Amino acid sequence: MRKFAIGNWKMNGNIASLKMLGEVQAAQALSGVSVVICPPYPLLHAATLASNGSGVEIGAQSCHHLANGAHTGDVSSDLLADVGARYVIIGHSERRADHHESNSAVCAQFQSAKTAGLTPILCIGETQAERAAGRTIEVISSQLKASLPPQAQAFILAYEPIWAIGTGLIPSLDEIAQVHAFLAHQLAEICGSDSKISVLYGGSVKASNAAQIFALPHVDGALVGGASLAAKDFCPIVTALGHVQ
Ligand code: PEP
């Protein structure tokens with residue numbers, strides 16, 4: 001399975017932050033894993049120019065489900081592709097919460113991303129209360145089924161427990177392994193056993209815990225928020241992923 005280290009800058013960074021791409025490119029080249037950086041919209045074009053010809057690819061953090069039109073403040077998948085983005089995160093829990101994005105809205109974004117030639121990075125995950133109630137598998141299973149269009153192929157899935165995002169908390173290694181084994185099984189059922197969908201873990205991944213998480217079966221890398229903002233934090237994660245190849 002292809003291994004990915006994906007950095008989600010969220011609403012952080014500026015033009016000067018793009019300087020870190022040089023160090024990330026060096027870490028990527030040494031590790032041999034796939035690296036994607038997802039900066040805020042205004043930085044996308046400069047980021048694609050800065051990463052051109054390197055092994056680091058650029059993604060966006062969301063997209064509108066339509067190709068164009070009267071939607072003030074939104075950005076289409078076509079435009080993301082036009083400025084050189086190759087990936088787009090969809091269904092991140094912060095978008096689901098802040099912008100009330102439902103599974104069906106996420107599904108429509110997925111389709112627009114594919115039509116534009118982008119690879120969707122679909123995020124799913126349970127709340128703390130859902131985990132405490134023993135509903136993790138039920139919740140992520142129904143999110144996955146409702147967020148995927150029929151015949152979905154060639155995407156990335158990120159399992160992100162909502163309570164682990166930006167909190168420094170992570171599930172136990174056994175809990176992560178259990179969810180990833182379930183997702184591998186479910187993706188084989190939905191998309192076919194030869195579909196080769198990489199499944200990433202996301203939520204408080206750092207240089208100090210990355211190697212243990214990456215060593216788990218069915219974990220094909222990480223979606224990284226806070227620790228993707230500085231090369232000194234992100235490059236060791238890329239390196240750790242390279243070591244499990
Ligand atoms: C995320 O926002 O996708 C994320 C995983 O954030 P963090 O690494 O900061 O928990």
# chains A, B, ... in the order shown; residues from 1 in each chain; ligands from 1
>>> select_by_dssp(residues="stretch 118-163 of chain A", states="alpha helix (DSSP H)", output="ChimeraX atom specification")
/A:128-132,136-147
>>> residues_near_ligand(ligand="ligand 1", cutoff="7 Å", atoms="only C-alpha atoms and all ligand atoms", output="short mmCIF file (atom, residue, chain, number, x, y, z; two decimals) with all heavy atoms, in the first residue's frame")
data_model
loop_
_atom_site.label_atom_id
_atom_site.label_comp_id
_atom_site.auth_asym_id
_atom_site.auth_seq_id
_atom_site.Cartn_x
_atom_site.Cartn_y
_atom_site.Cartn_z
N ASN A 8 -1.70 19.05 7.14
CA ASN A 8 -2.85 19.94 7.04
C ASN A 8 -2.54 21.19 7.86
O ASN A 8 -2.56 21.14 9.09
CB ASN A 8 -4.10 19.22 7.59
CG ASN A 8 -5.31 20.14 7.70
OD1 ASN A 8 -5.33 21.22 7.12
ND2 ASN A 8 -6.31 19.69 8.44
N HIS A 92 -13.27 16.89 6.76
CA HIS A 92 -12.53 17.06 8.02
C HIS A 92 -13.53 17.44 9.12
O HIS A 92 -14.48 18.19 8.87
CB HIS A 92 -11.47 18.15 7.86
CG HIS A 92 -10.50 18.19 9.00
ND1 HIS A 92 -10.84 18.74 10.21
CD2 HIS A 92 -9.24 17.72 9.13
CE1 HIS A 92 -9.79 18.61 11.03
NE2 HIS A 92 -8.83 17.99 10.40
N GLU A 160 -9.67 9.80 11.79
CA GLU A 160 -9.29 10.85 12.72
C GLU A 160 -10.29 10.92 13.88
O GLU A 160 -11.35 11.56 13.74
CB GLU A 160 -9.27 12.20 12.01
CG GLU A 160 -8.30 12.30 10.87
CD GLU A 160 -7.78 13.72 10.70
OE1 GLU A 160 -8.59 14.63 10.48
OE2 GLU A 160 -6.57 13.92 10.83
N ALA A 164 -9.07 13.34 19.38
CA ALA A 164 -7.60 13.28 19.35
C ALA A 164 -7.00 14.43 18.55
O ALA A 164 -5.78 14.61 18.57
CB ALA A 164 -7.15 11.94 18.76
N ILE A 165 -7.84 15.18 17.85
CA ILE A 165 -7.31 16.23 16.96
C ILE A 165 -6.91 17.45 17.79
O ILE A 165 -7.75 18.06 18.46
CB ILE A 165 -8.35 16.61 15.89
CG1 ILE A 165 -8.57 15.41 14.95
CG2 ILE A 165 -7.89 17.83 15.10
CD1 ILE A 165 -9.61 15.64 13.88
N GLY A 166 -5.63 17.76 17.76
CA GLY A 166 -5.12 18.96 18.41
C GLY A 166 -5.13 18.91 19.93
O GLY A 166 -4.92 19.93 20.59
N THR A 167 -5.37 17.74 20.51
CA THR A 167 -5.51 17.66 21.97
C THR A 167 -4.30 17.03 22.66
O THR A 167 -4.16 17.11 23.88
CB THR A 167 -6.72 16.77 22.34
OG1 THR A 167 -6.53 15.48 21.74
CG2 THR A 167 -8.02 17.38 21.84
N GLY A 168 -3.45 16.35 21.88
CA GLY A 168 -2.34 15.60 22.49
C GLY A 168 -2.77 14.23 22.97
O GLY A 168 -1.94 13.43 23.42
N GLY A 202 -4.99 9.96 11.86
CA GLY A 202 -4.79 11.39 12.15
C GLY A 202 -5.29 11.71 13.53
O GLY A 202 -6.33 11.20 13.97
N GLY A 203 -4.55 12.58 14.22
CA GLY A 203 -4.94 13.00 15.58
C GLY A 203 -3.73 12.97 16.48
O GLY A 203 -3.32 11.92 16.95
N SER A 204 -3.11 14.18 16.67
CA SER A 204 -1.98 14.33 17.60
C SER A 204 -0.78 13.44 17.26
O SER A 204 -0.08 12.98 18.16
CB SER A 204 -2.43 14.11 19.05
OG SER A 204 -3.37 15.11 19.41
N VAL A 205 -0.56 13.21 15.94
CA VAL A 205 0.67 12.50 15.54
C VAL A 205 1.85 13.47 15.69
O VAL A 205 1.78 14.62 15.28
CB VAL A 205 0.57 11.99 14.09
CG1 VAL A 205 1.90 11.39 13.64
CG2 VAL A 205 -0.54 10.96 13.97
N LEU A 223 -2.26 11.74 8.67
CA LEU A 223 -2.69 13.11 8.38
C LEU A 223 -2.30 13.91 9.62
O LEU A 223 -2.74 13.60 10.73
CB LEU A 223 -4.20 13.15 8.12
CG LEU A 223 -4.82 14.51 7.81
CD1 LEU A 223 -4.13 15.23 6.66
CD2 LEU A 223 -6.31 14.35 7.48
N VAL A 224 -1.48 14.93 9.42
CA VAL A 224 -0.84 15.62 10.54
C VAL A 224 -1.24 17.10 10.52
O VAL A 224 -1.08 17.77 9.50
CB VAL A 224 0.70 15.51 10.42
CG1 VAL A 224 1.38 16.16 11.62
CG2 VAL A 224 1.13 14.06 10.27
N GLY A 225 -1.76 17.59 11.63
CA GLY A 225 -2.11 19.00 11.73
C GLY A 225 -0.97 19.81 12.32
O GLY A 225 -0.03 20.20 11.64
N GLY A 226 -1.02 20.03 13.63
CA GLY A 226 -0.07 20.90 14.32
C GLY A 226 1.39 20.60 14.01
O GLY A 226 2.19 21.53 13.78
N ALA A 227 1.73 19.33 13.96
CA ALA A 227 3.15 18.97 13.76
C ALA A 227 3.58 19.07 12.30
O ALA A 227 4.71 18.70 11.97
CB ALA A 227 3.41 17.56 14.30
#
>>> closest_residue(among="A:Gln186, A:Ser62, A:Thr239, A:Ser54", to="A:Ala105", atoms="only C-alpha atoms")
A:Ser62
>>> residues_around(residues="A:Pro42", least_positions_apart="3", cutoff="10 Å", atoms="only C-alpha atoms", output="list of chain:residue names")
A:Asn14, A:Ile15, A:Pro39, A:His45, A:Ala46, A:Ala47
>>> residues_around(residues="A:Ser77", least_positions_apart="2", cutoff="7 Å", atoms="only C-alpha atoms", output="PyMOL selection string")
chain A and resi 63-64+67+75+79-81+112-113+116
>>> select_by_dssp(residues="stretch 201-233 of chain A", states="strand (DSSP E)", output="VMD selection string")
chain A and resid 201 to 202 221 to 224
>>> atom_distance(atom1="atom CA of A:Cys107", atom2="atom CA of A:Pro149")
5.8 Å
>>> atom_distance(atom1="atom CA of A:Ile90", atom2="atom CA of A:Gln128")
21.0 Å
>>> residues_around(residues="A:Lys19", least_positions_apart="4", cutoff="12 Å", atoms="only C-alpha atoms", output="list in words")
Gly13, Asn14, Ile15, Glu23, Val24, Gln25, Leu43, Ala46, Ala47, Leu49, Ala50, Ser51, Leu229, Ala230 and Ala231 of chain A
>>> write_last_selection(atoms="all heavy atoms", output="short mmCIF file (atom, residue, chain, number, x, y, z; two decimals), in the first residue's frame")
data_model
loop_
_atom_site.label_atom_id
_atom_site.label_comp_id
_atom_site.auth_asym_id
_atom_site.auth_seq_id
_atom_site.Cartn_x
_atom_site.Cartn_y
_atom_site.Cartn_z
N GLY A 13 -0.04 29.58 8.82
CA GLY A 13 1.02 29.74 7.82
C GLY A 13 0.84 31.00 6.99
O GLY A 13 -0.22 31.65 7.02
N ASN A 14 1.91 31.35 6.27
CA ASN A 14 1.89 32.51 5.38
C ASN A 14 2.93 32.27 4.29
O ASN A 14 3.51 31.18 4.22
CB ASN A 14 2.14 33.81 6.16
CG ASN A 14 3.42 33.73 6.97
OD1 ASN A 14 4.33 32.97 6.64
ND2 ASN A 14 3.49 34.48 8.06
N ILE A 15 3.17 33.27 3.47
CA ILE A 15 4.12 33.09 2.35
C ILE A 15 5.48 32.64 2.89
O ILE A 15 6.11 31.73 2.32
CB ILE A 15 4.24 34.41 1.56
CG1 ILE A 15 2.95 34.67 0.77
CG2 ILE A 15 5.46 34.38 0.64
CD1 ILE A 15 2.78 33.81 -0.48
N GLU A 23 13.09 21.82 3.13
CA GLU A 23 13.49 20.75 4.07
C GLU A 23 12.57 19.54 3.94
O GLU A 23 13.01 18.39 4.06
CB GLU A 23 13.45 21.28 5.51
CG GLU A 23 14.65 22.13 5.87
CD GLU A 23 14.47 22.75 7.24
OE1 GLU A 23 14.61 22.04 8.25
OE2 GLU A 23 14.14 23.96 7.28
N VAL A 24 11.29 19.80 3.72
CA VAL A 24 10.34 18.69 3.56
C VAL A 24 10.67 17.90 2.29
O VAL A 24 10.62 16.66 2.28
CB VAL A 24 8.87 19.22 3.53
CG1 VAL A 24 7.89 18.09 3.24
CG2 VAL A 24 8.53 19.89 4.85
N GLN A 25 11.04 18.63 1.23
CA GLN A 25 11.41 17.95 -0.02
C GLN A 25 12.62 17.04 0.21
O GLN A 25 12.67 15.91 -0.29
CB GLN A 25 11.73 18.98 -1.10
CG GLN A 25 10.48 19.66 -1.64
CD GLN A 25 10.77 20.97 -2.38
OE1 GLN A 25 11.91 21.34 -2.60
NE2 GLN A 25 9.71 21.66 -2.74
N LEU A 43 -2.30 30.28 -0.42
CA LEU A 43 -0.91 29.85 -0.58
C LEU A 43 -0.75 28.73 -1.61
O LEU A 43 0.37 28.32 -1.91
CB LEU A 43 -0.35 29.36 0.77
CG LEU A 43 -0.32 30.38 1.91
CD1 LEU A 43 0.25 29.75 3.17
CD2 LEU A 43 0.54 31.58 1.51
N ALA A 46 1.43 29.45 -4.95
CA ALA A 46 2.85 29.61 -4.61
C ALA A 46 3.44 28.27 -4.14
O ALA A 46 4.59 27.93 -4.46
CB ALA A 46 3.01 30.67 -3.53
N ALA A 47 2.65 27.50 -3.41
CA ALA A 47 3.14 26.20 -2.92
C ALA A 47 3.37 25.23 -4.07
O ALA A 47 4.35 24.49 -4.08
CB ALA A 47 2.15 25.61 -1.92
N LEU A 49 4.13 26.04 -7.13
CA LEU A 49 5.34 26.49 -7.84
C LEU A 49 6.59 26.09 -7.06
O LEU A 49 7.58 25.62 -7.63
CB LEU A 49 5.31 28.02 -8.06
CG LEU A 49 4.18 28.53 -8.98
CD1 LEU A 49 4.23 30.05 -9.09
CD2 LEU A 49 4.27 27.89 -10.37
N ALA A 50 6.54 26.28 -5.73
CA ALA A 50 7.71 25.98 -4.89
C ALA A 50 8.02 24.48 -4.86
O ALA A 50 9.17 24.09 -4.66
CB ALA A 50 7.48 26.49 -3.47
N SER A 51 7.00 23.65 -5.05
CA SER A 51 7.24 22.21 -4.94
C SER A 51 7.40 21.55 -6.30
O SER A 51 7.65 20.34 -6.38
CB SER A 51 6.10 21.54 -4.18
OG SER A 51 4.92 21.70 -4.92
N LEU A 229 3.43 22.05 10.77
CA LEU A 229 3.66 23.49 10.54
C LEU A 229 5.14 23.88 10.54
O LEU A 229 5.48 24.97 10.07
CB LEU A 229 2.92 24.32 11.61
CG LEU A 229 1.39 24.20 11.57
CD1 LEU A 229 0.76 24.92 12.74
CD2 LEU A 229 0.86 24.76 10.25
N ALA A 230 5.98 23.05 11.09
CA ALA A 230 7.41 23.37 11.13
C ALA A 230 8.18 22.15 10.64
O ALA A 230 7.86 21.01 11.00
CB ALA A 230 7.85 23.73 12.55
N ALA A 231 9.22 22.40 9.84
CA ALA A 231 10.00 21.29 9.28
C ALA A 231 10.61 20.43 10.38
O ALA A 231 10.68 19.21 10.26
CB ALA A 231 11.09 21.85 8.37
#
>>> residues_around(residues="A:Val139", least_positions_apart="3", cutoff="12 Å", atoms="only C-alpha atoms", output="PyMOL selection string")
chain A and resi 103+124-131+133-136+142-146+159+161-162+179+183
>>> write_last_selection(atoms="N, CA, C and O atoms", output="PDB file, in the first residue's frame")
ATOM      1  N   ASN A 103     -22.710  14.287   5.629  1.00  0.00           N
ATOM      2  CA  ASN A 103     -22.130  13.213   4.815  1.00  0.00           C
ATOM      3  C   ASN A 103     -22.511  13.380   3.343  1.00  0.00           C
ATOM      4  O   ASN A 103     -21.696  13.135   2.458  1.00  0.00           O
ATOM      5  N   ILE A 124     -12.899  10.640   8.424  1.00  0.00           N
ATOM      6  CA  ILE A 124     -14.001  10.152   9.252  1.00  0.00           C
ATOM      7  C   ILE A 124     -13.465   9.975  10.683  1.00  0.00           C
ATOM      8  O   ILE A 124     -12.257   9.818  10.874  1.00  0.00           O
ATOM      9  N   GLY A 125     -14.361  10.011  11.650  1.00  0.00           N
ATOM     10  CA  GLY A 125     -13.911   9.802  13.032  1.00  0.00           C
ATOM     11  C   GLY A 125     -15.031  10.014  14.023  1.00  0.00           C
ATOM     12  O   GLY A 125     -16.025  10.682  13.728  1.00  0.00           O
ATOM     13  N   GLU A 126     -14.857   9.437  15.193  1.00  0.00           N
ATOM     14  CA  GLU A 126     -15.898   9.476  16.219  1.00  0.00           C
ATOM     15  C   GLU A 126     -15.600  10.547  17.270  1.00  0.00           C
ATOM     16  O   GLU A 126     -14.449  10.935  17.452  1.00  0.00           O
ATOM     17  N   THR A 127     -16.629  10.981  17.975  1.00  0.00           N
ATOM     18  CA  THR A 127     -16.454  11.897  19.108  1.00  0.00           C
ATOM     19  C   THR A 127     -16.049  11.084  20.348  1.00  0.00           C
ATOM     20  O   THR A 127     -16.173   9.848  20.370  1.00  0.00           O
ATOM     21  N   GLN A 128     -15.632  11.809  21.365  1.00  0.00           N
ATOM     22  CA  GLN A 128     -15.279  11.167  22.643  1.00  0.00           C
ATOM     23  C   GLN A 128     -16.494  10.414  23.217  1.00  0.00           C
ATOM     24  O   GLN A 128     -16.370   9.290  23.704  1.00  0.00           O
ATOM     25  N   ALA A 129     -17.673  11.046  23.123  1.00  0.00           N
ATOM     26  CA  ALA A 129     -18.878  10.420  23.692  1.00  0.00           C
ATOM     27  C   ALA A 129     -19.224   9.147  22.935  1.00  0.00           C
ATOM     28  O   ALA A 129     -19.631   8.139  23.541  1.00  0.00           O
ATOM     29  N   GLU A 130     -19.059   9.179  21.605  1.00  0.00           N
ATOM     30  CA  GLU A 130     -19.363   7.983  20.810  1.00  0.00           C
ATOM     31  C   GLU A 130     -18.394   6.848  21.148  1.00  0.00           C
ATOM     32  O   GLU A 130     -18.793   5.690  21.250  1.00  0.00           O
ATOM     33  N   ARG A 131     -17.106   7.213  21.343  1.00  0.00           N
ATOM     34  CA  ARG A 131     -16.151   6.160  21.734  1.00  0.00           C
ATOM     35  C   ARG A 131     -16.516   5.589  23.112  1.00  0.00           C
ATOM     36  O   ARG A 131     -16.528   4.373  23.305  1.00  0.00           O
ATOM     37  N   ALA A 133     -19.281   5.372  24.458  1.00  0.00           N
ATOM     38  CA  ALA A 133     -20.500   4.544  24.388  1.00  0.00           C
ATOM     39  C   ALA A 133     -20.265   3.264  23.587  1.00  0.00           C
ATOM     40  O   ALA A 133     -21.221   2.514  23.315  1.00  0.00           O
ATOM     41  N   GLY A 134     -19.022   3.029  23.151  1.00  0.00           N
ATOM     42  CA  GLY A 134     -18.710   1.804  22.403  1.00  0.00           C
ATOM     43  C   GLY A 134     -19.238   1.832  20.980  1.00  0.00           C
ATOM     44  O   GLY A 134     -19.454   0.783  20.370  1.00  0.00           O
ATOM     45  N   ARG A 135     -19.437   3.057  20.426  1.00  0.00           N
ATOM     46  CA  ARG A 135     -20.067   3.161  19.107  1.00  0.00           C
ATOM     47  C   ARG A 135     -19.081   3.508  17.984  1.00  0.00           C
ATOM     48  O   ARG A 135     -19.493   3.847  16.877  1.00  0.00           O
ATOM     49  N   THR A 136     -17.765   3.437  18.264  1.00  0.00           N
ATOM     50  CA  THR A 136     -16.775   3.899  17.280  1.00  0.00           C
ATOM     51  C   THR A 136     -16.951   3.232  15.913  1.00  0.00           C
ATOM     52  O   THR A 136     -17.044   3.912  14.882  1.00  0.00           O
ATOM     53  N   SER A 142     -20.803   4.080   9.272  1.00  0.00           N
ATOM     54  CA  SER A 142     -21.900   4.769   8.583  1.00  0.00           C
ATOM     55  C   SER A 142     -21.407   6.070   7.943  1.00  0.00           C
ATOM     56  O   SER A 142     -21.854   6.429   6.851  1.00  0.00           O
ATOM     57  N   GLN A 143     -20.423   6.739   8.551  1.00  0.00           N
ATOM     58  CA  GLN A 143     -19.855   7.933   7.908  1.00  0.00           C
ATOM     59  C   GLN A 143     -19.203   7.567   6.579  1.00  0.00           C
ATOM     60  O   GLN A 143     -19.364   8.262   5.586  1.00  0.00           O
ATOM     61  N   LEU A 144     -18.464   6.477   6.595  1.00  0.00           N
ATOM     62  CA  LEU A 144     -17.752   6.064   5.385  1.00  0.00           C
ATOM     63  C   LEU A 144     -18.745   5.745   4.275  1.00  0.00           C
ATOM     64  O   LEU A 144     -18.629   6.260   3.157  1.00  0.00           O
ATOM     65  N   LYS A 145     -19.738   4.934   4.591  1.00  0.00           N
ATOM     66  CA  LYS A 145     -20.690   4.527   3.553  1.00  0.00           C
ATOM     67  C   LYS A 145     -21.445   5.735   2.994  1.00  0.00           C
ATOM     68  O   LYS A 145     -21.683   5.833   1.801  1.00  0.00           O
ATOM     69  N   ALA A 146     -21.812   6.682   3.882  1.00  0.00           N
ATOM     70  CA  ALA A 146     -22.623   7.815   3.435  1.00  0.00           C
ATOM     71  C   ALA A 146     -21.790   8.902   2.753  1.00  0.00           C
ATOM     72  O   ALA A 146     -22.339   9.757   2.069  1.00  0.00           O
ATOM     73  N   TYR A 159      -8.554   8.099   9.125  1.00  0.00           N
ATOM     74  CA  TYR A 159      -9.311   7.876  10.366  1.00  0.00           C
ATOM     75  C   TYR A 159      -8.804   8.867  11.399  1.00  0.00           C
ATOM     76  O   TYR A 159      -7.645   8.808  11.822  1.00  0.00           O
ATOM     77  N   PRO A 161      -9.986  10.276  15.012  1.00  0.00           N
ATOM     78  CA  PRO A 161     -10.880  10.433  16.160  1.00  0.00           C
ATOM     79  C   PRO A 161     -10.939  11.923  16.525  1.00  0.00           C
ATOM     80  O   PRO A 161      -9.896  12.548  16.726  1.00  0.00           O
ATOM     81  N   ILE A 162     -12.141  12.463  16.569  1.00  0.00           N
ATOM     82  CA  ILE A 162     -12.283  13.915  16.727  1.00  0.00           C
ATOM     83  C   ILE A 162     -11.631  14.391  18.027  1.00  0.00           C
ATOM     84  O   ILE A 162     -10.993  15.445  18.075  1.00  0.00           O
ATOM     85  N   VAL A 179      -9.450  -0.301  14.693  1.00  0.00           N
ATOM     86  CA  VAL A 179     -10.211   0.496  13.725  1.00  0.00           C
ATOM     87  C   VAL A 179      -9.638   0.326  12.320  1.00  0.00           C
ATOM     88  O   VAL A 179     -10.377   0.147  11.344  1.00  0.00           O
ATOM     89  N   LEU A 183     -11.441  -0.955   8.955  1.00  0.00           N
ATOM     90  CA  LEU A 183     -11.563  -0.137   7.739  1.00  0.00           C
ATOM     91  C   LEU A 183     -10.991  -0.856   6.521  1.00  0.00           C
ATOM     92  O   LEU A 183     -11.545  -0.764   5.417  1.00  0.00           O
TER      93      LEU A 183
END
>>> atom_distance(atom1="atom CA of A:Gln178", atom2="atom CA of A:Ala108")
29.0 Å
>>> closest_residue(among="A:Ser147, A:Ser93, A:Asn209, A:Gln153", to="A:Leu241", atoms="only C-alpha atoms")
A:Asn209
>>> closest_residue(among="A:Ile121, A:Ala26, A:Val199, A:Ile137", to="A:Phe155", atoms="only C-alpha atoms")
A:Ile121
>>> residues_around(residues="A:Arg2", least_positions_apart="4", cutoff="10 Å", atoms="only C-alpha atoms", output="list in words")
Val33, Ser34, Ile156, Lys196, Ile197, Ser198, Val199, Asp220, Gly221 and Gln245 of chain A
